[in-house]
Amino acid sequence: YIKFLESEKRDVRETAFKAMHGEYSKWRNTLAASLSGAVKAHVFDARVRKYPSALHAALSPDEIPTEVYTNLVGAVRERLPVLHRYLKLRKKLLGLDDLQMWDLYVPMVPGVERDVSYDEAQKWVSQSLQPMGEGYNRVLDKAFGSRWIDVMENEGKTSGAFSNGAYTTPPYILMNWQDNLNNAFTLTHELGHSLHSYFTRENQPYVYSHYTIFVAEVASTLNEALLTHYLQEQAKAEGDRALQLYLLNSYAERFRTTLYRQTMFAEFELHVHQTVERGEALTAEGMSEYYLGLNKDFYGAQVNVDDCVAIEWARIPHFYYDFYVYQYATGISAAAALAQQILQEGAPAVERYLGFLRGGSSDNSINLLKGAGVDMTTPQPVHQALDVFNGIIAEMEELAG
């Protein structure tokens, strides 16, 4: 489906978009009943355990204040004009008179074909992580030199990429390497997870040797931000405008799809739970009307929001996960803010961040992140991340001319 949405042929994108959502629309009442049942279960569990709401119940095990959730939604709402600025640039770069929902995934800039070998990517990652200091890079060298990474495809090997391991083993990485830029970013992403696991296990007893989902993507996303910065500086030095624009666009898309889109999902998820908590029925019509309204709020200033997107809620499995999606948005917010601190402050910011990596679950996630330099109980990290996004757009506008 995503491959079709990335097609250069607009009629292919439109056909795929409408066919996908049209099929879900045929099953809207069954799917509404299914989601309604899951939400009712969340609300019931919260009530029998005497929580004020399903949101409180979902966030309580990791000691996350509900203000983290509501501040995220409020801050993103406040900064919707930044998204609208980006969508206006998308329209310009695609050369379109109007922007449709099926135009949001097609690449904004011509593909930059770069054959990137694993050895070259390894050098890039090492150079990009030099700001992290000697201790961090010593472990990075160990990862590369001690065969922590299963690099190449092989018969019977599972697809994708991930970091895993046990308390008494190295945090191994599985990859299926392809010679391209995306795989270089996948490499540094998974190394972020592995080094987080390494520092946690080296410094904590087994009982505290894990970290929560709330912070799981911070280290990996921060590594991606540092690699983007490094490659950007290299492209500037070489005068490679096409590569600069490509890298900026890739980074900007992560903000659009992770910070904005996942927050929109979080707002929908809160709405459906509050609807059940008020004793009202969750119907396909009601959920579709609300979801369409959200899309108009987020995209409508620059995009013709087709009514068929109203059913998209039916194909998002995360809505069954009990307030899960907001953590994607808080994760990228914290990572972007921490990466800026590391690049601007140097050693003091690095030491704070390493304290966070070493912390595991010895304290709650909010306190560990505060120690690193971001307070997720306030909207400030979200605004800092969106300031970064705004800066990326400004650079893209300048390069685009």
# chains A, B, ... in the order shown; residues from 1 in each chain; ligands from 1

$ residues_around --residues "range 68-83 of chain A" --least-positions-apart "3" --cutoff "6 Å" --atoms "only C-alpha atoms" --output "ChimeraX atom specification"
/A:65,86,376-377,379

$ residues_around --residues "Tyr328 in chain A" --least-positions-apart "2" --cutoff "8 Å" --atoms "only C-alpha atoms" --output "list in words"
Glu217, Thr258, Leu259, Gln262, Val325, Tyr326, Thr330, Gly331 and Ile332 of chain A

$ write_last_selection --atoms "N, CA, C and O atoms" --output "PDB file, in the first residue's frame"
ATOM      1  N   GLU A 217      12.329   4.531  22.492  1.00  0.00           N
ATOM      2  CA  GLU A 217      12.756   5.059  21.193  1.00  0.00           C
ATOM      3  C   GLU A 217      13.603   6.323  21.311  1.00  0.00           C
ATOM      4  O   GLU A 217      13.992   6.898  20.290  1.00  0.00           O
ATOM      5  N   THR A 258       5.567  10.976  12.744  1.00  0.00           N
ATOM      6  CA  THR A 258       5.708  10.477  14.116  1.00  0.00           C
ATOM      7  C   THR A 258       5.166  11.465  15.136  1.00  0.00           C
ATOM      8  O   THR A 258       4.362  11.096  15.992  1.00  0.00           O
ATOM      9  N   LEU A 259       5.574  12.723  15.044  1.00  0.00           N
ATOM     10  CA  LEU A 259       5.114  13.660  16.064  1.00  0.00           C
ATOM     11  C   LEU A 259       3.675  14.120  15.798  1.00  0.00           C
ATOM     12  O   LEU A 259       2.807  14.017  16.670  1.00  0.00           O
ATOM     13  N   GLN A 262       1.062  10.737  14.992  1.00  0.00           N
ATOM     14  CA  GLN A 262       0.798   9.924  16.178  1.00  0.00           C
ATOM     15  C   GLN A 262       0.065  10.721  17.254  1.00  0.00           C
ATOM     16  O   GLN A 262      -0.726  10.157  18.024  1.00  0.00           O
ATOM     17  N   VAL A 325       0.117   4.946  21.407  1.00  0.00           N
ATOM     18  CA  VAL A 325       0.707   5.705  20.292  1.00  0.00           C
ATOM     19  C   VAL A 325       1.362   7.008  20.735  1.00  0.00           C
ATOM     20  O   VAL A 325       2.303   7.477  20.087  1.00  0.00           O
ATOM     21  N   TYR A 326       0.894   7.623  21.824  1.00  0.00           N
ATOM     22  CA  TYR A 326       1.448   8.920  22.225  1.00  0.00           C
ATOM     23  C   TYR A 326       2.948   8.818  22.496  1.00  0.00           C
ATOM     24  O   TYR A 326       3.686   9.813  22.383  1.00  0.00           O
ATOM     25  N   THR A 330       6.129  11.462  22.072  1.00  0.00           N
ATOM     26  CA  THR A 330       6.966  11.948  23.171  1.00  0.00           C
ATOM     27  C   THR A 330       8.412  11.495  22.978  1.00  0.00           C
ATOM     28  O   THR A 330       9.351  12.218  23.316  1.00  0.00           O
ATOM     29  N   GLY A 331       8.605  10.303  22.414  1.00  0.00           N
ATOM     30  CA  GLY A 331       9.956   9.791  22.184  1.00  0.00           C
ATOM     31  C   GLY A 331      10.742  10.652  21.221  1.00  0.00           C
ATOM     32  O   GLY A 331      11.896  11.020  21.496  1.00  0.00           O
ATOM     33  N   ILE A 332      10.148  11.007  20.077  1.00  0.00           N
ATOM     34  CA  ILE A 332      10.868  11.831  19.108  1.00  0.00           C
ATOM     35  C   ILE A 332      11.065  13.244  19.647  1.00  0.00           C
ATOM     36  O   ILE A 332      12.085  13.887  19.370  1.00  0.00           O
TER      37      ILE A 332
END

$ closest_residue --among "A:Val215, A:Arg114, A:Gln127, A:Asp141" --to "Asn182 in chain A" --atoms "only C-alpha atoms"
A:Arg114

$ residues_around --residues "Ser220 in chain A" --least-positions-apart "2" --cutoff "9 Å" --atoms "only C-alpha atoms" --output "count of residues only"
16

$ select_by_dssp --residues "range 34-269 of chain A" --states "strand (DSSP E or B)" --output "PyMOL selection string"
chain A and resi 99-100+149-150+162-164+172-174

$ write_last_selection --atoms "N, CA, C and O atoms" --output "mmCIF file, in the first residue's frame"
data_model
loop_
_atom_site.group_PDB
_atom_site.id
_atom_site.type_symbol
_atom_site.label_atom_id
_atom_site.label_comp_id
_atom_site.auth_asym_id
_atom_site.auth_seq_id
_atom_site.Cartn_x
_atom_site.Cartn_y
_atom_site.Cartn_z
ATOM 1 N N LEU A 99 -3.253 19.821 -3.097
ATOM 2 C CA LEU A 99 -2.674 18.672 -2.408
ATOM 3 C C LEU A 99 -3.809 17.796 -1.899
ATOM 4 O O LEU A 99 -4.734 18.283 -1.239
ATOM 5 N N GLN A 100 -3.752 16.518 -2.209
ATOM 6 C CA GLN A 100 -4.757 15.565 -1.764
ATOM 7 C C GLN A 100 -4.154 14.646 -0.698
ATOM 8 O O GLN A 100 -2.933 14.573 -0.538
ATOM 9 N N ILE A 149 26.551 -7.601 15.529
ATOM 10 C CA ILE A 149 25.577 -7.315 14.467
ATOM 11 C C ILE A 149 25.596 -8.427 13.422
ATOM 12 O O ILE A 149 26.616 -8.700 12.792
ATOM 13 N N ASP A 150 24.452 -9.069 13.246
ATOM 14 C CA ASP A 150 24.245 -10.044 12.166
ATOM 15 C C ASP A 150 23.796 -9.235 10.955
ATOM 16 O O ASP A 150 22.629 -8.833 10.861
ATOM 17 N N PHE A 162 16.222 -5.519 14.252
ATOM 18 C CA PHE A 162 15.881 -5.275 15.650
ATOM 19 C C PHE A 162 17.091 -5.508 16.540
ATOM 20 O O PHE A 162 18.085 -6.131 16.139
ATOM 21 N N SER A 163 17.006 -4.984 17.755
ATOM 22 C CA SER A 163 18.025 -5.189 18.786
ATOM 23 C C SER A 163 17.432 -6.082 19.862
ATOM 24 O O SER A 163 16.294 -5.885 20.283
ATOM 25 N N ASN A 164 18.224 -7.071 20.314
ATOM 26 C CA ASN A 164 17.722 -7.981 21.341
ATOM 27 C C ASN A 164 18.904 -8.579 22.094
ATOM 28 O O ASN A 164 20.061 -8.363 21.738
ATOM 29 N N TYR A 172 22.579 -7.951 20.997
ATOM 30 C CA TYR A 172 22.796 -8.255 19.584
ATOM 31 C C TYR A 172 21.810 -7.512 18.682
ATOM 32 O O TYR A 172 20.704 -7.152 19.097
ATOM 33 N N ILE A 173 22.240 -7.327 17.428
ATOM 34 C CA ILE A 173 21.404 -6.661 16.429
ATOM 35 C C ILE A 173 21.226 -7.585 15.227
ATOM 36 O O ILE A 173 22.194 -8.158 14.726
ATOM 37 N N LEU A 174 20.002 -7.720 14.768
ATOM 38 C CA LEU A 174 19.711 -8.407 13.515
ATOM 39 C C LEU A 174 19.436 -7.359 12.445
ATOM 40 O O LEU A 174 18.667 -6.425 12.674
#

$ closest_residue --among "A:His21, A:Arg138, A:Arg358, A:Arg241" --to "Phe199 in chain A" --atoms "only C-alpha atoms"
A:Arg358

$ select_by_dssp --residues "range 10-210 of chain A" --states "alpha helix (DSSP H)" --output "VMD selection string"
chain A and resid 10 to 26 28 to 48 54 to 59 66 to 78 80 to 94 118 to 128 134 to 145 181 to 203

$ closest_residue --among "A:Thr30, A:Asn390, A:Thr169, A:Gln384" --to "Trp148 in chain A" --atoms "only C-alpha atoms"
A:Thr169
